[in-house]
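Source file: start.txt (compact mmCIF, C-alpha atoms and all ligand atoms)
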# COMPACT_ATOMS: atom_id res chain seq x y z
CA MET A 5 42.54 94.27 87.15
CA THR A 6 44.55 93.21 90.18
CA TYR A 7 47.40 95.47 91.14
CA LEU A 8 49.59 94.50 94.05
CA PRO A 9 51.94 97.25 95.15
CA PRO A 10 55.56 96.07 95.15
CA THR A 11 57.66 95.07 98.09
CA PRO A 12 60.00 98.04 98.61
CA SER A 13 63.68 97.74 97.81
CA HIS A 14 66.36 97.95 100.50
CA THR A 15 70.12 98.19 100.37
CA ALA A 16 72.12 94.97 100.07
CA GLY A 17 74.17 96.37 102.96
CA PRO A 18 77.86 95.67 103.58
CA PHE A 19 77.66 92.01 104.61
CA TYR A 20 76.34 90.11 101.56
CA GLY A 21 79.88 88.98 100.78
CA TYR A 22 79.48 85.47 102.16
CA ALA A 23 76.02 85.05 100.64
CA LEU A 24 75.64 86.44 97.13
CA PRO A 25 79.00 85.95 95.38
CA PHE A 26 79.76 82.43 94.17
CA PRO A 27 82.88 80.83 92.71
CA GLY A 28 83.06 81.38 88.95
CA GLY A 29 80.41 84.10 89.13
CA GLY A 30 82.29 86.15 86.56
CA ASP A 31 83.14 83.24 84.23
CA ILE A 32 80.15 83.54 81.94
CA ALA A 33 82.01 82.27 78.86
CA PRO A 34 82.32 78.50 78.53
CA ARG A 35 85.79 77.26 79.44
CA GLU A 36 88.49 77.79 76.77
CA HIS A 37 86.00 79.34 74.37
CA PRO A 38 87.92 80.99 71.51
CA ASP A 39 85.52 83.96 71.33
CA ALA A 40 85.69 84.72 75.06
CA MET A 41 86.16 88.39 75.92
CA THR A 42 86.85 90.26 79.13
CA LEU A 43 84.72 93.10 80.46
CA HIS A 44 86.19 94.88 83.44
CA GLY A 45 86.23 98.20 85.22
CA TYR A 46 85.90 100.12 88.45
CA VAL A 47 82.92 101.34 90.42
CA TYR A 48 83.38 104.89 91.79
CA ASP A 49 81.37 106.99 94.24
CA GLY A 50 80.62 110.71 94.03
CA ALA A 51 84.00 111.62 95.53
CA GLY A 52 85.78 109.59 92.86
CA GLU A 53 86.69 106.94 95.42
CA PRO A 54 86.47 103.29 94.43
CA VAL A 55 83.51 101.37 95.87
CA PRO A 56 84.94 98.19 97.41
CA ASP A 57 81.59 96.79 98.56
CA ALA A 58 79.49 96.77 95.41
CA ILE A 59 78.11 93.68 93.76
CA VAL A 60 77.56 93.82 90.03
CA GLU A 61 75.28 91.52 88.04
CA PHE A 62 75.30 90.91 84.30
CA TRP A 63 72.60 89.55 82.01
CA GLN A 64 72.96 89.29 78.26
CA ALA A 65 72.01 87.56 75.04
CA GLY A 66 74.07 84.70 73.72
CA PRO A 67 76.24 85.26 70.61
CA ASP A 68 73.23 84.19 68.50
CA GLY A 69 71.04 86.83 70.13
CA SER A 70 69.02 84.33 72.12
CA LEU A 71 67.73 85.40 75.51
CA THR A 72 66.70 82.04 76.89
CA GLY A 73 69.67 81.73 79.27
CA ALA A 74 70.28 78.45 81.05
CA PRO A 75 70.45 77.24 84.62
CA GLY A 76 73.80 76.34 86.12
CA SER A 77 75.39 79.72 86.89
CA MET A 78 75.84 78.73 90.54
CA ARG A 79 75.89 74.96 90.09
CA ARG A 80 76.02 73.10 93.39
CA ASP A 81 77.45 69.85 94.63
CA PRO A 82 74.65 67.66 95.98
CA VAL A 83 77.18 65.59 97.96
CA THR A 84 79.03 68.27 99.91
CA GLY A 85 76.53 71.13 99.51
CA GLY A 86 79.37 73.32 98.19
CA PHE A 87 79.77 75.05 94.84
CA LEU A 88 80.81 73.04 91.79
CA GLY A 89 81.14 76.03 89.50
CA ARG A 90 79.67 76.18 86.01
CA ASN A 91 79.74 73.03 83.89
CA GLY A 92 82.17 74.64 81.42
CA VAL A 93 79.89 74.08 78.43
CA ASP A 94 76.58 75.88 78.86
CA PHE A 95 76.27 79.63 78.41
CA THR A 96 73.88 80.87 81.10
CA GLY A 97 74.00 84.59 80.22
CA PHE A 98 74.24 85.53 83.90
CA GLY A 99 77.19 86.75 85.93
CA ARG A 100 77.62 88.15 89.42
CA VAL A 101 80.83 89.58 90.88
CA PRO A 102 81.66 91.61 93.97
CA THR A 103 84.08 94.51 93.51
CA ASP A 104 87.46 93.96 95.12
CA ALA A 105 89.22 96.27 97.61
CA ASP A 106 90.14 98.55 94.66
CA GLY A 107 86.52 98.75 93.49
CA HIS A 108 87.39 96.57 90.49
CA TYR A 109 85.30 93.86 88.84
CA THR A 110 85.99 91.46 85.96
CA VAL A 111 83.79 89.14 83.95
CA ARG A 112 84.77 86.83 81.11
CA THR A 113 81.94 86.33 78.68
CA LEU A 114 80.96 85.87 75.04
CA PRO A 115 80.07 88.91 72.94
CA PRO A 116 76.28 89.24 72.94
CA GLY A 117 74.36 89.07 69.69
CA GLY A 118 71.15 90.91 69.10
CA PRO A 119 68.88 92.59 66.62
CA SER A 120 70.52 96.01 66.89
CA THR A 121 73.55 97.24 68.76
CA PRO A 122 74.40 94.56 71.30
CA TYR A 123 74.91 95.32 74.97
CA ILE A 124 75.31 93.62 78.30
CA SER A 125 72.75 94.58 80.93
CA VAL A 126 74.40 95.59 84.21
CA CYS A 127 72.76 95.87 87.64
CA VAL A 128 74.64 97.43 90.57
CA PHE A 129 74.00 96.81 94.28
CA ALA A 130 75.97 98.28 97.18
CA ARG A 131 75.90 99.50 100.72
CA GLY A 132 74.39 102.97 100.50
CA LEU A 133 72.30 102.12 97.45
CA THR A 134 68.72 101.91 98.72
CA HIS A 135 67.63 100.63 95.32
CA HIS A 136 69.79 98.88 92.72
CA LEU A 137 70.84 100.70 89.54
CA PHE A 138 70.54 99.38 85.99
CA THR A 139 72.86 100.42 83.22
CA ARG A 140 74.13 98.93 79.95
CA ALA A 141 77.60 98.17 78.65
CA TYR A 142 77.51 98.56 74.85
CA LEU A 143 80.54 97.01 73.20
CA ALA A 144 80.50 99.66 70.45
CA GLU A 145 78.45 102.64 69.36
CA GLY A 146 75.75 101.89 66.82
CA PRO A 147 72.13 102.49 65.93
CA ASP A 148 70.14 102.23 69.17
CA ALA A 149 67.13 104.11 70.53
CA LEU A 150 68.63 104.62 73.98
CA LEU A 151 72.05 105.74 72.72
CA ALA A 152 70.42 108.07 70.21
CA SER A 153 68.40 109.74 72.96
CA LEU A 154 71.51 110.83 74.89
CA THR A 155 73.98 113.68 74.52
CA PRO A 156 77.44 112.54 73.33
CA GLU A 157 78.88 113.04 76.83
CA ARG A 158 76.16 110.99 78.50
CA ARG A 159 76.21 108.38 75.72
CA ALA A 160 79.95 107.86 76.26
CA THR A 161 79.28 106.51 79.77
CA LEU A 162 77.50 103.48 78.25
CA ILE A 163 80.27 102.46 75.88
CA ALA A 164 82.67 99.75 77.00
CA ARG A 165 85.92 100.77 75.27
CA PRO A 166 88.23 98.19 73.73
CA GLU A 167 91.61 98.41 75.42
CA PRO A 168 94.45 99.10 73.02
CA ASN A 169 97.07 96.72 74.36
CA ARG A 170 94.87 93.94 75.59
CA ASP A 171 93.29 91.40 73.31
CA ARG A 172 89.48 91.14 73.40
CA THR A 173 89.24 93.27 76.53
CA HIS A 174 86.76 96.09 77.14
CA ARG A 175 86.80 98.60 79.97
CA PHE A 176 83.53 99.71 81.54
CA ASP A 177 83.70 101.95 84.61
CA ILE A 178 80.59 102.76 86.62
CA ARG A 179 80.37 106.20 88.25
CA LEU A 180 77.50 106.32 90.73
CA GLN A 181 77.52 110.09 91.09
CA GLY A 182 79.05 113.35 89.89
CA GLU A 183 81.19 114.19 86.90
CA GLU A 184 80.84 111.65 84.08
CA GLU A 185 78.08 109.98 86.10
CA THR A 186 76.99 106.78 84.38
CA VAL A 187 73.58 106.81 82.69
CA PHE A 188 71.24 104.69 84.81
CA LEU A 189 67.99 103.30 83.47
CA ASP A 190 64.36 103.18 84.53
CA PHE A 191 62.15 100.39 83.18
CA ALA A 192 58.96 101.24 85.08
CA MET B 27 80.79 116.40 115.50
CA THR B 28 79.01 113.24 116.53
CA LEU B 29 75.71 112.62 114.87
CA THR B 30 73.14 111.56 117.45
CA GLN B 31 69.91 109.63 117.21
CA SER B 32 68.00 112.86 117.79
CA ASP B 33 69.73 114.45 114.77
CA ILE B 34 68.59 111.48 112.69
CA ASP B 35 65.09 111.61 114.19
CA GLY B 36 64.84 115.28 113.19
CA GLU B 37 65.91 114.55 109.62
CA LEU B 38 63.43 111.67 109.38
CA ALA B 39 60.58 113.83 110.70
CA GLU B 40 61.35 116.54 108.18
CA ILE B 41 61.42 114.09 105.27
CA ARG B 42 58.18 112.51 106.48
CA ALA B 43 56.45 115.90 106.72
CA GLY B 44 57.56 116.74 103.19
CA TYR B 45 56.25 113.42 101.94
CA GLU B 46 52.86 113.83 103.66
CA LYS B 47 52.55 117.29 102.17
CA ALA B 48 53.32 116.03 98.67
CA ARG B 49 50.82 113.21 99.12
CA ALA B 50 48.14 115.67 100.21
CA ALA B 51 48.88 117.66 97.05
CA GLY B 52 48.21 114.57 94.93
CA THR B 53 51.67 113.05 94.42
CA PRO B 54 51.33 109.27 94.02
CA ALA B 55 52.57 106.98 96.79
CA ALA B 56 56.29 106.15 96.66
CA HIS B 57 56.67 102.39 96.85
CA HIS B 58 60.47 102.41 96.97
CA PRO B 59 62.94 104.47 99.00
CA PRO B 60 64.58 107.44 97.31
CA ARG B 61 68.19 106.70 96.36
CA ASP B 62 69.19 109.97 98.00
CA PHE B 63 68.27 109.54 101.65
CA PRO B 64 70.58 111.68 103.84
CA PRO B 65 69.70 110.04 107.21
CA TYR B 66 71.26 106.88 105.72
CA ARG B 67 74.73 108.36 105.46
CA SER B 68 76.15 105.86 102.98
CA SER B 69 73.63 107.04 100.37
CA LEU B 70 75.16 110.53 100.19
CA LEU B 71 77.97 109.78 97.73
CA ARG B 72 76.35 106.77 96.11
CA HIS B 73 73.16 108.07 94.51
CA PRO B 74 73.03 109.40 90.95
CA GLN B 75 72.28 113.11 90.63
CA GLN B 76 71.01 112.83 87.06
CA PRO B 77 67.46 111.53 86.58
CA LEU B 78 67.22 107.92 85.46
CA VAL B 79 66.65 107.52 81.72
CA ALA B 80 63.36 105.81 80.89
CA VAL B 81 63.59 102.74 78.63
CA SER B 82 59.95 101.84 78.81
CA ARG B 83 58.77 101.23 75.28
CA ASP B 84 61.38 98.87 73.84
CA PRO B 85 59.90 95.37 73.41
CA GLU B 86 63.35 94.08 72.42
CA ALA B 87 65.06 95.23 75.61
CA VAL B 88 67.33 92.49 76.95
CA GLU B 89 66.15 93.35 80.48
CA LEU B 90 62.63 92.07 79.72
CA SER B 91 64.03 88.58 79.94
CA GLY B 92 66.20 87.34 82.75
CA PRO B 93 68.52 84.67 84.06
CA VAL B 94 67.12 81.26 84.87
CA PHE B 95 68.05 78.95 87.71
CA GLY B 96 67.28 75.32 88.24
CA HIS B 97 67.77 72.42 90.59
CA THR B 98 71.46 72.33 89.64
CA ASP B 99 71.83 75.70 91.42
CA VAL B 100 70.26 74.76 94.74
CA THR B 101 70.87 71.79 97.01
CA GLU B 102 68.32 69.97 99.12
CA LEU B 103 69.39 71.53 102.43
CA ASP B 104 69.84 75.12 101.28
CA HIS B 105 66.42 76.19 102.57
CA ASP B 106 67.22 74.96 106.08
CA LEU B 107 69.84 77.18 107.70
CA THR B 108 69.72 75.14 110.90
CA ARG B 109 71.10 72.00 109.22
CA GLN B 110 74.20 73.29 107.48
CA HIS B 111 76.61 72.37 110.29
CA ALA B 112 77.26 69.44 112.59
CA GLY B 113 75.35 70.99 115.49
CA GLU B 114 72.26 73.07 116.03
CA PRO B 115 72.59 76.84 115.96
CA LEU B 116 71.66 78.84 119.03
CA GLY B 117 68.55 80.96 118.98
CA GLU B 118 64.85 80.86 118.39
CA ARG B 119 64.03 78.45 115.54
CA ILE B 120 61.64 79.96 113.00
CA THR B 121 60.19 79.22 109.61
CA VAL B 122 59.64 82.03 107.10
CA SER B 123 57.17 81.16 104.35
CA GLY B 124 55.33 83.07 101.71
CA ARG B 125 54.72 83.55 98.02
CA LEU B 126 56.63 85.40 95.31
CA LEU B 127 54.16 87.26 93.09
CA ASP B 128 54.23 89.76 90.26
CA SER B 129 52.19 92.94 90.52
CA ALA B 130 49.25 91.31 88.72
CA GLY B 131 49.15 88.77 91.54
CA ARG B 132 50.49 85.90 89.43
CA PRO B 133 52.89 83.46 91.09
CA VAL B 134 56.52 83.74 90.02
CA ARG B 135 57.45 80.09 89.55
CA GLY B 136 60.78 78.30 89.73
CA GLN B 137 62.77 81.42 90.51
CA LEU B 138 65.69 81.81 92.87
CA VAL B 139 65.16 83.24 96.34
CA GLU B 140 68.36 83.91 98.30
CA LEU B 141 68.53 84.94 101.93
CA TRP B 142 71.24 85.99 104.36
CA GLN B 143 71.20 87.17 107.94
CA ALA B 144 73.01 87.71 111.23
CA ASN B 145 72.97 85.00 113.89
CA ALA B 146 70.87 85.09 117.05
CA SER B 147 73.43 87.40 118.67
CA GLY B 148 73.31 89.91 115.83
CA ARG B 149 76.66 88.94 114.28
CA TYR B 150 77.29 88.18 110.60
CA ALA B 151 79.70 85.47 109.53
CA HIS B 152 81.58 88.20 107.67
CA GLN B 153 85.13 89.26 108.43
CA ARG B 154 84.27 92.96 108.41
CA ASP B 155 81.46 92.63 110.95
CA GLN B 156 83.19 93.94 114.09
CA HIS B 157 80.18 93.75 116.42
CA PRO B 158 81.62 92.14 119.57
CA ALA B 159 78.92 89.48 119.74
CA PRO B 160 79.76 85.78 119.42
CA LEU B 161 79.93 83.96 116.14
CA ASP B 162 77.98 80.70 116.14
CA PRO B 163 80.03 77.80 114.76
CA ASN B 164 76.75 76.12 113.79
CA PHE B 165 75.28 79.00 111.87
CA THR B 166 76.44 80.64 108.64
CA GLY B 167 73.24 82.45 107.81
CA VAL B 168 72.91 81.86 104.06
CA GLY B 169 70.06 80.06 102.31
CA ARG B 170 68.48 79.67 98.90
CA VAL B 171 65.46 77.97 97.41
CA LEU B 172 63.50 77.86 94.15
CA THR B 173 59.87 78.96 94.29
CA GLY B 174 57.20 76.33 93.73
CA ASP B 175 54.47 76.30 91.09
CA ASP B 176 52.33 78.55 93.26
CA GLY B 177 55.26 80.93 93.85
CA SER B 178 55.73 79.60 97.38
CA TYR B 179 58.99 79.48 99.28
CA SER B 180 59.88 78.40 102.80
CA PHE B 181 63.00 78.68 104.94
CA THR B 182 63.86 77.25 108.32
CA THR B 183 66.32 79.41 110.22
CA ILE B 184 66.81 81.13 113.57
CA LYS B 185 65.59 84.59 114.45
CA PRO B 186 68.44 87.06 113.84
CA GLY B 187 69.47 89.51 116.56
CA ALA B 188 69.51 93.28 116.32
CA TYR B 189 72.98 94.74 115.76
CA PRO B 190 74.76 98.08 116.04
CA TRP B 191 76.16 99.96 113.05
CA ARG B 192 78.03 103.20 112.62
CA ASN B 193 75.57 105.41 110.78
CA HIS B 194 75.28 107.59 113.89
CA GLN B 195 75.88 107.29 117.63
CA ASN B 196 73.92 104.41 119.15
CA ALA B 197 72.56 103.27 115.78
CA TRP B 198 70.96 99.80 115.91
CA ARG B 199 69.38 97.83 113.10
CA PRO B 200 66.10 96.11 113.95
CA ALA B 201 66.27 92.33 113.45
CA HIS B 202 65.99 91.62 109.73
CA ILE B 203 66.64 89.02 107.05
CA HIS B 204 68.12 90.09 103.70
CA PHE B 205 66.38 88.69 100.62
CA SER B 206 67.44 88.59 96.97
CA LEU B 207 64.76 87.79 94.36
CA PHE B 208 64.61 87.14 90.64
CA GLY B 209 61.49 87.42 88.52
CA THR B 210 60.93 86.30 84.94
CA ALA B 211 62.57 89.54 83.76
CA PHE B 212 65.77 91.22 84.90
CA THR B 213 63.69 94.41 85.37
CA GLN B 214 61.93 92.63 88.26
CA ARG B 215 65.15 92.10 90.19
CA LEU B 216 64.80 92.93 93.88
CA VAL B 217 67.06 92.97 96.92
CA THR B 218 65.32 93.85 100.16
CA GLN B 219 65.00 93.07 103.87
CA MET B 220 62.28 91.41 105.92
CA TYR B 221 61.50 92.59 109.47
CA PHE B 222 59.73 91.03 112.46
CA PRO B 223 56.45 92.46 113.78
CA GLY B 224 56.48 94.84 116.71
CA ASP B 225 60.22 95.54 116.81
CA PRO B 226 60.83 98.59 119.03
CA LEU B 227 63.76 99.69 116.85
CA PHE B 228 61.67 100.42 113.74
CA ALA B 229 61.25 104.14 114.42
CA TYR B 230 65.00 104.70 114.95
CA ASP B 231 66.28 102.95 111.84
CA PRO B 232 67.03 105.17 108.84
CA ILE B 233 67.23 102.15 106.53
CA LEU B 234 63.68 101.00 107.27
CA GLN B 235 62.50 104.62 107.45
CA SER B 236 63.99 105.28 103.99
CA VAL B 237 60.67 103.81 102.87
CA THR B 238 58.67 106.89 103.84
CA ASP B 239 55.24 105.61 102.82
CA ASP B 240 53.56 103.89 105.81
CA ALA B 241 51.78 101.25 103.74
CA ALA B 242 54.92 100.45 101.75
CA ARG B 243 57.00 100.16 104.91
CA ALA B 244 54.41 97.81 106.43
CA ARG B 245 54.96 95.46 103.47
CA LEU B 246 58.50 94.83 104.73
CA VAL B 247 57.24 93.40 108.02
CA ALA B 248 56.37 89.70 108.18
CA ALA B 249 53.26 88.54 110.02
CA TYR B 250 53.47 86.08 112.88
CA ASP B 251 51.25 83.20 111.74
CA HIS B 252 50.37 80.68 114.41
CA SER B 253 49.18 78.18 111.82
CA LEU B 254 52.76 78.10 110.48
CA SER B 255 54.23 77.41 113.91
CA ARG B 256 55.12 73.76 114.48
CA PRO B 257 54.42 72.20 117.88
CA GLU B 258 57.53 71.66 120.01
CA TRP B 259 59.66 72.94 117.11
CA SER B 260 59.43 76.41 115.54
CA LEU B 261 57.57 79.71 115.27
CA GLY B 262 56.11 80.62 111.88
CA TYR B 263 56.22 83.89 109.99
CA ARG B 264 54.49 84.68 106.72
CA TRP B 265 55.91 87.14 104.23
CA ASP B 266 54.69 87.52 100.65
CA ILE B 267 56.92 89.36 98.20
CA VAL B 268 55.68 91.32 95.18
CA LEU B 269 58.06 92.14 92.34
CA ASP B 270 57.96 95.43 90.48
CA GLY B 271 58.86 96.20 86.90
CA PRO B 272 57.70 94.96 83.52
CA SER B 273 58.37 91.55 82.04
CA ALA B 274 58.05 90.27 78.47
CA THR B 275 54.62 88.82 79.26
CA TRP B 276 53.34 92.29 80.11
CA ILE B 277 54.46 93.64 76.77
CA GLU B 278 52.71 90.76 74.97
CA GLU B 279 49.54 91.62 76.82
CA GLY B 280 49.90 95.22 75.70
CA ARG B 281 50.34 96.71 79.15
FE FE C 1 71.85 93.36 107.76

Show this structure as structure tokens.
Amino acid sequence: MTYLPPTPSHTAGPFYGYALPFPGGGDIAPREHPDAMTLHGYVYDGAGEPVPDAIVEFWQAGPDGSLTGAPGSMRRDPVTGGFLGRNGVDFTGFGRVPTDADGHYTVRTLPPGGPSTPYISVCVFARGLTHHLFTRAYLAEGPDALLASLTPERRATLIARPEPNRDRTHRFDIRLQGEEETVFLDFA
Amino acid sequence: MTLTQSDIDGELAEIRAGYEKARAAGTPAAHHPPRDFPPYRSSLLRHPQQPLVAVSRDPEAVELSGPVFGHTDVTELDHDLTRQHAGEPLGERITVSGRLLDSAGRPVRGQLVELWQANASGRYAHQRDQHPAPLDPNFTGVGRVLTGDDGSYSFTTIKPGAYPWRNHQNAWRPAHIHFSLFGTAFTQRLVTQMYFPGDPLFAYDPILQSVTDDAARARLVAAYDHSLSRPEWSLGYRWDIVLDGPSATWIEEGR
């Protein structure tokens, strides 16, 4: 059986900002969709400082649990070569947002469906990260093999908490290191 | 206290010796850099201290599928970084071609390859790049393309310059092109950098040297391929990319 060893990972570095982000990268929900929800939070380093040069990607099931996705996340204009943004109708399941100067990110999406306890898959890149980090934002606790395998303290880092005074808004902070360090995942 | 290149060289030598020793004792080769790599200073506060949690045996994991991209996401000229402005960029025109494969050697078809790089002077079109080298009004340094049915991709661009950074005193990055790749599963996601053969800066660069395994590090270096060079036009480099991580098709095959 053929086995090709992988191309090693490298950091995204500090200067991807004009290359990877695209307009509407965080607008995963179709325009004006009544079920749209907001997922937002901060990325922190081991000193508790916000990480202003991270890029966070999101991949998730549609509300019906389907994982087929759709093209059109970074839809382009064939006339000018610029970005058109999403078509406002299709749900692609994919989002990509850089953190801002405060280390903050926001995506607007539709709640994922799924066979068990739904979650949004999150992948973090940054200067200083030699290899990206996967985690999951669960919108609530529930029966789930991964959640069940963790201590309550560790499990809590994977739960995106509904915010009391904001409608349909969940907060999901990502701590790369140290106290309350986010649980990161290995799929090898 | 200023950190010098010789401080970094010492740290790299120590890490390398430790790796060779572990290899001799039977530890498998490390294909990826450790997330904690002190010679690369920015990794110090940004690597998790807890071990990653394995999620290997869940056939319903969302991450075994992944986003899809199509011709709506890429325009005709995106693969040619020398034609995105009114004039020609300065520098040595090159093509970079290769195939995107999974670890079973199968082509990864119709997936998005993104690339970004400094210009020929070693300057990024990024506000925070303070390297006092000229910006090139005819070069942005961003490209994207979808892989073909055989996993192939090709870019036309200019050879990027080396540039200084502030990891330590007199730190210089060897010339490199950043790549972002998607597979058929989100678990196969990869961001990496491609280097040019024979660069004298390789030994001094803690980012390249974060890949401690010699064979793995060699996979980050493109090959000059004369058959890809075009007469009176451009020099050709070949670089194949292999994605790691399981995908849904692997699970179906019982791997
Ligand atoms: Fe770079």

With a cut-off of 7 Å and counting only C-alpha atoms, select all residues of chain A in contact with chain B and give the selection as a VMD selection string. chain A and resid 6 to 16 19 22 to 23 49 to 51 63 to 64 71 73 to 76 78 to 80 82 85 97 to 98 125 131 to 135 180 to 182 188 to 192

Give me the residues within 10 Å of Ala197 of chain B as a PyMOL selection string, counting all atoms listed in the file and dropping any in the same chain fewer than 3 places off. chain B and resi 29-31+34+189-194+200+227+230-232

Quick one, how far is atom CA of Leu207 of chain B from atom CA of Tyr250 of chain B?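 Value for the atom CA of Leu207 of chain B-atom CA of Tyr250 of chain B distance: 21.8 Å.
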
Using all atoms listed in the file, which residues sit within 10 Å of segment 151-161 of chain A once same-chain residues fewer than 3 positions away are excluded, as a list of chain:residue names?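 Here the qualifying residues turn out to be A:Thr121, A:Thr139, A:Arg140, A:Ala141, A:Tyr142, A:Glu145, A:Gly146, A:Pro147, A:Asp148, A:Ala164, A:Arg165, A:Phe176, A:Asp177, A:Ile178, A:Arg179, A:Glu184, A:Glu185, A:Thr186, A:Val187, A:Phe188, B:Val79.
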
Enumerate, in order of chain and increasing residue number, the residues of segment 81-189 of chain A with an atom no farther than 9 Å from segment 30-40 of chain A, each with its shortest atom pair and distance in Å to one decimal, counting all atoms listed in the file, as CSV.
residue,atom,partner,partner_atom,distance
A:Arg90,CA,A:Asp31,CA,8.1
A:Asn91,CA,A:Pro34,CA,8.1
A:Gly92,CA,A:Pro34,CA,4.8
A:Val93,CA,A:Pro34,CA,5.0
A:Asp94,CA,A:Pro34,CA,6.3
A:Phe95,CA,A:Pro34,CA,6.2
A:Thr96,CA,A:Ile32,CA,6.9
A:Gly97,CA,A:Ile32,CA,6.5
A:Phe98,CA,A:Ile32,CA,6.5
A:Gly99,CA,A:Gly30,CA,5.2
A:Arg100,CA,A:Gly30,CA,5.8
A:Val101,CA,A:Gly30,CA,5.7
A:Tyr109,CA,A:Gly30,CA,8.6
A:Thr110,CA,A:Gly30,CA,6.5
A:Val111,CA,A:Gly30,CA,4.2
A:Arg112,CA,A:Asp31,CA,5.0
A:Thr113,CA,A:Ala33,CA,4.1
A:Leu114,CA,A:Ala40,CA,4.9
A:Pro115,CA,A:Ala40,CA,7.3
A:Arg172,CA,A:Ala40,CA,7.6

In Å, with one decimal, what is the gap from atom CA of Glu118 of chain B to atom CA of Thr182 of chain B?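 These atoms are spaced 10.7 Å apart.
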
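Between atom FE of ligand FE 1 (chain C) and atom CA of Gly89 of chain A the interatomic distance comes to 26.8 Å.
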
Find, counting all atoms listed in the file, the residue in B:Gly177, B:Gly44, B:Gly113, B:Gly187 that gets nearest to ligand FE 1 (chain C). B:Gly187

Using all atoms listed in the file, pick whichever of B:Gly224, B:Gly148, B:Pro257, B:Pro163 has the shortest atom-to-atom distance to ligand FE 1 (chain C).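 Closest to ligand FE 1 (chain C), using all atoms listed in the file: B:Gly148.
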